[in-house]
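To be precise, the following lines are input05.pdb, and they hold PDB, C-alpha atoms.
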```pdb
ATOM      1  CA  MET A 893      58.172  44.909 110.960
ATOM      2  CA  ARG A 894      60.833  44.176 108.324
ATOM      3  CA  ARG A 895      59.842  47.346 106.380
ATOM      4  CA  PHE A 896      60.081  49.378 109.600
ATOM      5  CA  LEU A 897      63.609  48.094 110.309
ATOM      6  CA  VAL A 898      64.711  48.850 106.733
ATOM      7  CA  LEU A 899      63.348  52.389 107.034
ATOM      8  CA  ILE A 900      65.193  52.955 110.334
ATOM      9  CA  GLY A 901      68.406  51.652 108.764
ATOM     10  CA  CYS A 902      68.103  54.046 105.838
ATOM     11  CA  LEU A 903      67.520  56.981 108.159
ATOM     12  CA  ILE A 904      70.610  56.099 110.209
ATOM     13  CA  PHE A 905      72.732  55.742 107.048
ATOM     14  CA  THR A 906      71.525  59.094 105.687
ATOM     15  CA  ALA A 907      72.224  60.823 109.011
ATOM     16  CA  GLY A 908      75.748  59.391 109.005
ATOM     17  CA  ILE A 909      76.411  60.830 105.515
ATOM     18  CA  LEU A 910      75.113  64.272 106.526
ATOM     19  CA  ALA A 911      77.229  64.264 109.684
ATOM     20  CA  GLY A 912      80.303  63.347 107.645
ATOM     21  CA  CYS A 913      79.636  66.257 105.249
ATOM     22  CA  GLY A 914      79.257  68.669 108.161
ATOM     23  CA  SER A 915      82.653  67.748 109.595
ATOM     24  CA  ASN A 916      84.448  68.372 106.266
ATOM     25  CA  PRO A 917      83.214  71.705 104.814
ATOM     26  CA  ALA A 918      83.995  72.550 101.193
ATOM     27  CA  PRO A 919      86.981  74.822 100.671
ATOM     28  CA  GLU A 920      86.228  78.574 100.371
ATOM     29  CA  THR A 921      88.170  78.971  97.122
ATOM     30  CA  ALA A 922      87.727  76.968  93.951
ATOM     31  CA  GLY A 923      90.516  74.896  92.443
ATOM     32  CA  LYS A 924      92.396  71.724  93.187
ATOM     33  CA  ALA A 925      94.250  71.327  96.444
ATOM     34  CA  GLY A 926      97.759  72.746  96.177
ATOM     35  CA  SER A 927      97.030  74.885  93.116
ATOM     36  CA  PRO A 928      98.874  78.251  93.048
ATOM     37  CA  ALA A 929      97.278  81.240  94.753
ATOM     38  CA  LYS A 930      96.415  83.926  92.180
ATOM     39  CA  LEU A 931      97.687  87.421  93.028
ATOM     40  CA  VAL A 932      96.989  90.418  90.761
ATOM     41  CA  VAL A 933      99.186  93.445  91.488
ATOM     42  CA  GLY A 934      98.787  96.823  89.808
ATOM     43  CA  ALA A 935     101.873  98.919  89.123
ATOM     44  CA  THR A 936     103.314 101.656  86.955
ATOM     45  CA  ALA A 937     105.771 100.494  84.299
ATOM     46  CA  LYS A 938     109.129 101.738  85.622
ATOM     47  CA  PRO A 939     110.587 100.756  87.945
ATOM     48  CA  HIS A 940     107.677  99.053  89.727
ATOM     49  CA  ALA A 941     106.565  96.521  87.109
ATOM     50  CA  GLU A 942     110.203  95.763  86.300
ATOM     51  CA  ILE A 943     110.894  94.996  89.958
ATOM     52  CA  LEU A 944     107.783  92.824  90.161
ATOM     53  CA  GLU A 945     109.050  90.809  87.189
ATOM     54  CA  ILE A 946     112.110  89.925  89.285
ATOM     55  CA  VAL A 947     109.989  88.510  92.124
ATOM     56  CA  LYS A 948     107.595  86.610  89.844
ATOM     57  CA  PRO A 949     109.735  83.436  89.562
ATOM     58  CA  VAL A 950     110.491  83.623  93.293
ATOM     59  CA  LEU A 951     106.773  83.583  94.050
ATOM     60  CA  GLN A 952     106.189  80.703  91.629
ATOM     61  CA  LYS A 953     108.430  78.593  93.851
ATOM     62  CA  GLU A 954     106.249  79.705  96.781
ATOM     63  CA  ASN A 955     103.107  78.515  94.951
ATOM     64  CA  VAL A 956     101.929  82.054  94.171
ATOM     65  CA  ASP A 957     100.914  82.977  90.610
ATOM     66  CA  LEU A 958     101.703  86.694  90.254
ATOM     67  CA  GLU A 959      99.921  88.667  87.525
ATOM     68  CA  ILE A 960     101.320  92.159  86.952
ATOM     69  CA  LYS A 961      98.797  94.702  85.676
ATOM     70  CA  VAL A 962     100.525  97.816  84.330
ATOM     71  CA  PHE A 963      98.722 101.166  84.649
ATOM     72  CA  THR A 964      99.812 104.207  82.623
ATOM     73  CA  ASP A 965      97.891 106.588  84.913
ATOM     74  CA  TYR A 966      98.771 106.077  88.573
ATOM     75  CA  VAL A 967      95.666 107.975  89.723
ATOM     76  CA  LEU A 968      93.631 104.869  88.809
ATOM     77  CA  LEU A 969      95.609 102.425  90.943
ATOM     78  CA  ASN A 970      94.125 103.115  94.376
ATOM     79  CA  PRO A 971      90.505 103.125  93.108
ATOM     80  CA  ALA A 972      91.231  99.785  91.416
ATOM     81  CA  LEU A 973      92.504  98.390  94.713
ATOM     82  CA  LYS A 974      89.597  99.789  96.701
ATOM     83  CA  ASP A 975      87.087  98.339  94.207
ATOM     84  CA  LYS A 976      88.786  94.897  94.317
ATOM     85  CA  GLN A 977      89.863  94.945  90.668
ATOM     86  CA  ILE A 978      93.389  94.095  91.874
ATOM     87  CA  ASP A 979      94.742  92.476  95.051
ATOM     88  CA  ALA A 980      97.524  94.992  95.774
ATOM     89  CA  ASN A 981      99.348  97.876  94.167
ATOM     90  CA  TYR A 982     102.937  99.054  94.057
ATOM     91  CA  PHE A 983     103.541 102.594  92.804
ATOM     92  CA  GLN A 984     103.120 105.116  95.608
ATOM     93  CA  HIS A 985     104.698 106.547  98.730
ATOM     94  CA  LEU A 986     102.960 106.703 102.107
ATOM     95  CA  PRO A 987     102.002 110.425 102.036
ATOM     96  CA  TYR A 988     100.179 109.832  98.736
ATOM     97  CA  LEU A 989      98.293 106.851 100.194
ATOM     98  CA  GLU A 990      97.336 108.782 103.332
ATOM     99  CA  ASP A 991      96.079 111.696 101.237
ATOM    100  CA  TYR A 992      94.033 109.331  99.051
ATOM    101  CA  ASN A 993      92.449 107.679 102.096
ATOM    102  CA  ALA A 994      91.544 111.041 103.645
ATOM    103  CA  LYS A 995      89.944 112.384 100.464
ATOM    104  CA  ASN A 996      88.124 109.230  99.354
ATOM    105  CA  ASN A 997      86.744 107.732 102.576
ATOM    106  CA  ALA A 998      89.107 104.797 102.111
ATOM    107  CA  ASN A 999      91.190 102.761 104.539
ATOM    108  CA  LEU A1000      93.807 101.154 102.303
ATOM    109  CA  GLY A1001      96.878  99.945 104.170
ATOM    110  CA  TRP A1002     100.413  98.878 103.334
ATOM    111  CA  THR A1003     102.851  96.139 104.275
ATOM    112  CA  VAL A1004     106.457  96.864 103.242
ATOM    113  CA  LYS A1005     108.661  99.703 102.000
ATOM    114  CA  VAL A1006     110.617  98.785  98.879
ATOM    115  CA  HIS A1007     112.460 101.737  97.355
ATOM    116  CA  THR A1008     112.709 105.502  97.025
ATOM    117  CA  GLU A1009     112.848 107.488  93.803
ATOM    118  CA  PRO A1010     114.555 110.844  94.353
ATOM    119  CA  MET A1011     112.582 113.526  92.513
ATOM    120  CA  GLY A1012     114.642 115.600  90.099
ATOM    121  CA  VAL A1013     114.595 118.937  88.306
ATOM    122  CA  TYR A1014     115.067 118.623  84.531
ATOM    123  CA  SER A1015     115.491 121.121  81.721
ATOM    124  CA  LYS A1016     116.191 121.298  77.990
ATOM    125  CA  LYS A1017     116.856 125.036  78.179
ATOM    126  CA  VAL A1018     119.275 125.576  81.047
ATOM    127  CA  ALA A1019     122.182 123.525  82.355
ATOM    128  CA  GLN A1020     122.215 125.069  85.831
ATOM    129  CA  LEU A1021     119.469 126.472  88.012
ATOM    130  CA  ASP A1022     121.377 129.669  88.750
ATOM    131  CA  THR A1023     120.984 130.638  85.076
ATOM    132  CA  LEU A1024     117.193 130.344  85.222
ATOM    133  CA  ALA A1025     115.610 133.574  83.993
ATOM    134  CA  ASP A1026     113.116 135.628  85.969
ATOM    135  CA  GLY A1027     109.560 134.577  85.211
ATOM    136  CA  ALA A1028     110.624 131.107  84.061
ATOM    137  CA  GLY A1029     107.926 128.468  83.646
ATOM    138  CA  VAL A1030     108.184 125.541  86.059
ATOM    139  CA  GLY A1031     106.178 122.318  85.765
ATOM    140  CA  ILE A1032     105.232 120.248  88.813
ATOM    141  CA  PRO A1033     102.771 117.348  89.399
ATOM    142  CA  ASN A1034      99.159 118.337  90.032
ATOM    143  CA  ASP A1035      98.330 115.731  92.698
ATOM    144  CA  ALA A1036      98.439 116.967  96.264
ATOM    145  CA  THR A1037     101.395 115.142  97.769
ATOM    146  CA  ASN A1038     103.676 115.058  94.730
ATOM    147  CA  GLY A1039     102.936 118.704  94.025
ATOM    148  CA  GLY A1040     103.933 119.610  97.575
ATOM    149  CA  ARG A1041     106.968 117.384  97.321
ATOM    150  CA  ALA A1042     108.043 119.121  94.099
ATOM    151  CA  LEU A1043     107.713 122.538  95.729
ATOM    152  CA  ALA A1044     109.886 121.279  98.580
ATOM    153  CA  VAL A1045     112.505 120.232  96.002
ATOM    154  CA  LEU A1046     112.429 123.742  94.527
ATOM    155  CA  GLU A1047     112.868 125.111  98.038
ATOM    156  CA  GLN A1048     115.844 122.786  98.610
ATOM    157  CA  ALA A1049     117.303 124.159  95.366
ATOM    158  CA  GLY A1050     117.031 127.707  96.729
ATOM    159  CA  LEU A1051     114.487 128.886  94.139
ATOM    160  CA  LEU A1052     111.648 129.689  96.521
ATOM    161  CA  LYS A1053     110.540 129.496 100.126
ATOM    162  CA  LEU A1054     107.388 127.880 101.510
ATOM    163  CA  LYS A1055     105.561 128.998 104.612
ATOM    164  CA  GLU A1056     106.568 127.112 107.725
ATOM    165  CA  GLY A1057     104.702 123.828 108.197
ATOM    166  CA  ALA A1058     103.337 123.724 104.638
ATOM    167  CA  GLY A1059     104.235 120.024 104.455
ATOM    168  CA  VAL A1060     103.652 117.538 101.646
ATOM    169  CA  THR A1061     100.271 119.009 100.671
ATOM    170  CA  ALA A1062     101.760 122.447  99.959
ATOM    171  CA  THR A1063     100.508 124.329  96.882
ATOM    172  CA  ASP A1064     101.715 127.440  95.083
ATOM    173  CA  LYS A1065      99.598 129.435  97.550
ATOM    174  CA  ASP A1066     102.034 128.388 100.287
ATOM    175  CA  ILE A1067     104.968 130.127  98.559
ATOM    176  CA  VAL A1068     106.082 133.086 100.700
ATOM    177  CA  GLU A1069     109.231 133.992  98.764
ATOM    178  CA  ASN A1070     109.668 133.721  95.000
ATOM    179  CA  PRO A1071     112.555 136.028  94.061
ATOM    180  CA  LYS A1072     112.656 134.933  90.408
ATOM    181  CA  LYS A1073     108.870 135.197  90.099
ATOM    182  CA  LEU A1074     108.704 131.658  88.778
ATOM    183  CA  LYS A1075     105.448 130.694  87.082
ATOM    184  CA  ILE A1076     104.291 127.389  88.585
ATOM    185  CA  ASN A1077     102.405 125.125  86.169
ATOM    186  CA  MET A1078     100.625 122.142  87.744
ATOM    187  CA  MET A1079      99.864 119.215  85.420
ATOM    188  CA  ASP A1080      99.495 115.457  85.272
ATOM    189  CA  ALA A1081     102.786 113.947  86.408
ATOM    190  CA  ALA A1082     103.055 111.695  83.356
ATOM    191  CA  MET A1083     102.944 114.740  81.056
ATOM    192  CA  LEU A1084     105.886 116.544  82.649
ATOM    193  CA  PRO A1085     108.650 114.998  80.484
ATOM    194  CA  ARG A1086     106.827 116.244  77.363
ATOM    195  CA  ALA A1087     106.350 119.664  78.937
ATOM    196  CA  LEU A1088     110.131 120.141  78.893
ATOM    197  CA  GLU A1089     109.707 121.271  75.276
ATOM    198  CA  ASP A1090     107.692 124.289  76.407
ATOM    199  CA  LEU A1091     108.626 125.018  80.010
ATOM    200  CA  ASP A1092     112.011 126.070  81.359
ATOM    201  CA  VAL A1093     112.256 123.350  84.007
ATOM    202  CA  CYS A1094     110.068 120.530  85.321
ATOM    203  CA  VAL A1095     110.198 118.620  88.585
ATOM    204  CA  ILE A1096     109.641 114.989  87.616
ATOM    205  CA  ASN A1097     109.136 111.742  89.524
ATOM    206  CA  SER A1098     111.914 109.275  88.703
ATOM    207  CA  ASN A1099     109.521 106.642  87.352
ATOM    208  CA  TYR A1100     108.231 109.030  84.685
ATOM    209  CA  ALA A1101     111.742 110.277  83.975
ATOM    210  CA  LEU A1102     112.868 106.684  83.358
ATOM    211  CA  GLU A1103     109.899 106.010  81.073
ATOM    212  CA  ALA A1104     110.883 109.099  79.048
ATOM    213  CA  ASN A1105     114.476 107.826  78.747
ATOM    214  CA  LEU A1106     115.784 110.483  81.100
ATOM    215  CA  ASN A1107     118.567 109.325  83.402
ATOM    216  CA  PRO A1108     117.811 110.749  86.869
ATOM    217  CA  VAL A1109     121.472 110.552  87.858
ATOM    218  CA  GLU A1110     122.942 112.128  84.708
ATOM    219  CA  ASP A1111     120.137 114.315  83.343
ATOM    220  CA  ALA A1112     118.675 115.947  86.456
ATOM    221  CA  ILE A1113     120.194 119.365  87.167
ATOM    222  CA  PHE A1114     119.071 119.130  90.786
ATOM    223  CA  THR A1115     118.004 116.100  92.842
ATOM    224  CA  GLU A1116     115.927 115.750  95.986
ATOM    225  CA  VAL A1117     117.898 115.153  99.176
ATOM    226  CA  LYS A1118     118.607 111.461  99.816
ATOM    227  CA  ASP A1119     116.882 111.237 103.220
ATOM    228  CA  SER A1120     113.468 111.670 101.609
ATOM    229  CA  PRO A1121     110.531 110.112 103.530
ATOM    230  CA  PHE A1122     108.859 109.090 100.277
ATOM    231  CA  ALA A1123     109.618 105.366 100.170
ATOM    232  CA  ASN A1124     107.407 103.427  97.763
ATOM    233  CA  ILE A1125     105.207 100.833  99.446
ATOM    234  CA  LEU A1126     103.125  97.743  98.722
ATOM    235  CA  ALA A1127      99.506  98.807  99.318
ATOM    236  CA  VAL A1128      96.696  96.385 100.180
ATOM    237  CA  ARG A1129      93.175  96.310 101.527
ATOM    238  CA  PRO A1130      93.296  95.953 105.342
ATOM    239  CA  GLU A1131      91.480  92.621 105.328
ATOM    240  CA  ASP A1132      94.147  91.159 103.027
ATOM    241  CA  LYS A1133      97.196  92.351 104.950
ATOM    242  CA  ASP A1134      97.817  88.980 106.614
ATOM    243  CA  LYS A1135      97.085  86.794 103.586
ATOM    244  CA  ASP A1136      99.827  84.266 102.968
ATOM    245  CA  SER A1137     100.313  85.344  99.329
ATOM    246  CA  ILE A1138     100.612  89.030 100.330
ATOM    247  CA  LYS A1139     103.186  88.175 103.005
ATOM    248  CA  LYS A1140     105.195  86.152 100.485
ATOM    249  CA  LEU A1141     105.105  89.072  98.029
ATOM    250  CA  GLY A1142     106.329  91.484 100.703
ATOM    251  CA  GLN A1143     109.195  89.174 101.640
ATOM    252  CA  ALA A1144     110.172  88.774  97.977
ATOM    253  CA  LEU A1145     110.152  92.538  97.403
ATOM    254  CA  GLN A1146     112.610  92.962 100.286
ATOM    255  CA  SER A1147     114.873  90.117  99.198
ATOM    256  CA  PRO A1148     118.618  90.388  98.468
ATOM    257  CA  GLU A1149     117.825  89.641  94.799
ATOM    258  CA  VAL A1150     115.595  92.706  94.517
ATOM    259  CA  LYS A1151     118.098  94.905  96.327
ATOM    260  CA  LYS A1152     120.855  93.841  93.932
ATOM    261  CA  PHE A1153     118.583  94.341  90.910
ATOM    262  CA  ILE A1154     117.727  97.888  92.012
ATOM    263  CA  GLU A1155     121.335  98.825  92.710
ATOM    264  CA  ASP A1156     122.693  97.247  89.504
ATOM    265  CA  ASN A1157     120.039  98.515  87.109
ATOM    266  CA  TYR A1158     119.071 101.976  88.348
ATOM    267  CA  LYS A1159     122.435 103.116  89.729
ATOM    268  CA  GLY A1160     121.151 105.730  92.164
ATOM    269  CA  SER A1161     117.975 106.827  90.393
ATOM    270  CA  VAL A1162     116.095 104.210  92.458
ATOM    271  CA  ILE A1163     117.346 103.384  95.948
ATOM    272  CA  PRO A1164     116.425 100.340  98.102
ATOM    273  CA  ALA A1165     114.468 101.315 101.223
ATOM    274  CA  PHE A1166     115.269  98.148 103.189
TER     275      PHE A1166
END
```
Transcribe the structure of this file into structure tokens.
Amino acid sequence: MRRFLVLIGCLIFTAGILAGCGSNPAPETAGKAGSPAKLVVGATAKPHAEILEIVKPVLQKENVDLEIKVFTDYVLLNPALKDKQIDANYFQHLPYLEDYNAKNNANLGWTVKVHTEPMGVYSKKVAQLDTLADGAGVGIPNDATNGGRALAVLEQAGLLKLKEGAGVTATDKDIVENPKKLKINMMDAAMLPRALEDLDVCVINSNYALEANLNPVEDAIFTEVKDSPFANILAVRPEDKDKDSIKKLGQALQSPEVKKFIEDNYKGSVIPAF
């Protein structure tokens, strides 16, 4: 009888331990309680990574450990986000993201708009566009949305006319008037500053102009209109949109400190979008 009572007691004690474990499940993420949340964000070097450096200490105070991963080729940033190599990226405008999603069966989303980078026309051969010779070579980005955006800049400059409704995915096939018979050369956006040695003019994104030590305010001979819809955004996977660390990053990117940094350091070549 004594052995039976001991056995019953052991069973009750074991059941109590198991019940206690069931009511306090192990945390889903490893690490000690209160340890910083790790957040890896992909970006191009200028101005995106520079802006992220400003928010890094702000996020540290919010218990978020921000790692900035710099990409030299922005085409790789959305695949890296889709494949979960990074937690978010900061380099692109919304039309580019929408075009990527449509062409790659992706559903990447975004949280906040941070800044715009007016696209500019640059040249080492002419000082004014009205002196551009007939048949001049013109370089523009070869990705769909930035190529269409560059053509729209050339249209704003009065150099050509696109068919009505061509939009941001316009190509050289959408040109309906080209009085100077400009020769459009589409190439990787990062190569355009170098192409200035060979081509007459190039339409260059401000981030690549800055990396090539071109001042978009002083060196561009024509600049995209200021009410451009191409604000750069923080892109995320949809399931991560409401994560606490992502929300804190979005708030930091739209902080007064970031706005002041953009205005003080880029002086019109990068413009706050908030």
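The spacing separating atom CA of A:Gln1048 from atom CA of A:Glu1116 amounts to 7.5 Å.
Residue nearest A:Lys1072 within the list A:Ser927, A:Asn1124, A:Thr1023, A:Asn996: A:Thr1023 [criterion: smallest interatomic distance, all atoms listed in the file].
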Quiz item: Mind telling me what the PyMOL selection byres ((chain A and resi 1047) around 12) catches here, as a count of residues only?
Solution: 32
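If you count only C-alpha atoms and draw a sphere of 12 Å around (118.3, 98.9, 86.9), the protein and nucleic acid residues inside it come out as A:Lys938, A:Pro939, A:His940, A:Ala941, A:Glu942, A:Ile943, A:Ile946, A:Asn1099, A:Leu1102, A:Asn1107, A:Pro1108, A:Val1150, A:Lys1151, A:Lys1152, A:Phe1153, A:Ile1154, A:Glu1155, A:Asp1156, A:Asn1157, A:Tyr1158, A:Lys1159, A:Gly1160, A:Ser1161, A:Val1162, A:Ile1163, A:Pro1164.
Taking atom CA of A:Val932 as the reference point, atom CA of A:Gln977 is found at 8.4 Å.
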If the PyMOL selection byres ((chain A and resi 1122) around 8) were run on this exact file, what residues would it hold? Put them as a tab-separated table (two decimals) with C-alpha atoms, in the coordinates of the input.
```
chain	number	residue	atom	x	y	z
A	985	HIS	CA	104.70	106.55	98.73
A	986	LEU	CA	102.96	106.70	102.11
A	987	PRO	CA	102.00	110.42	102.04
A	1008	THR	CA	112.71	105.50	97.02
A	1009	GLU	CA	112.85	107.49	93.80
A	1120	SER	CA	113.47	111.67	101.61
A	1121	PRO	CA	110.53	110.11	103.53
A	1123	ALA	CA	109.62	105.37	100.17
A	1124	ASN	CA	107.41	103.43	97.76
```
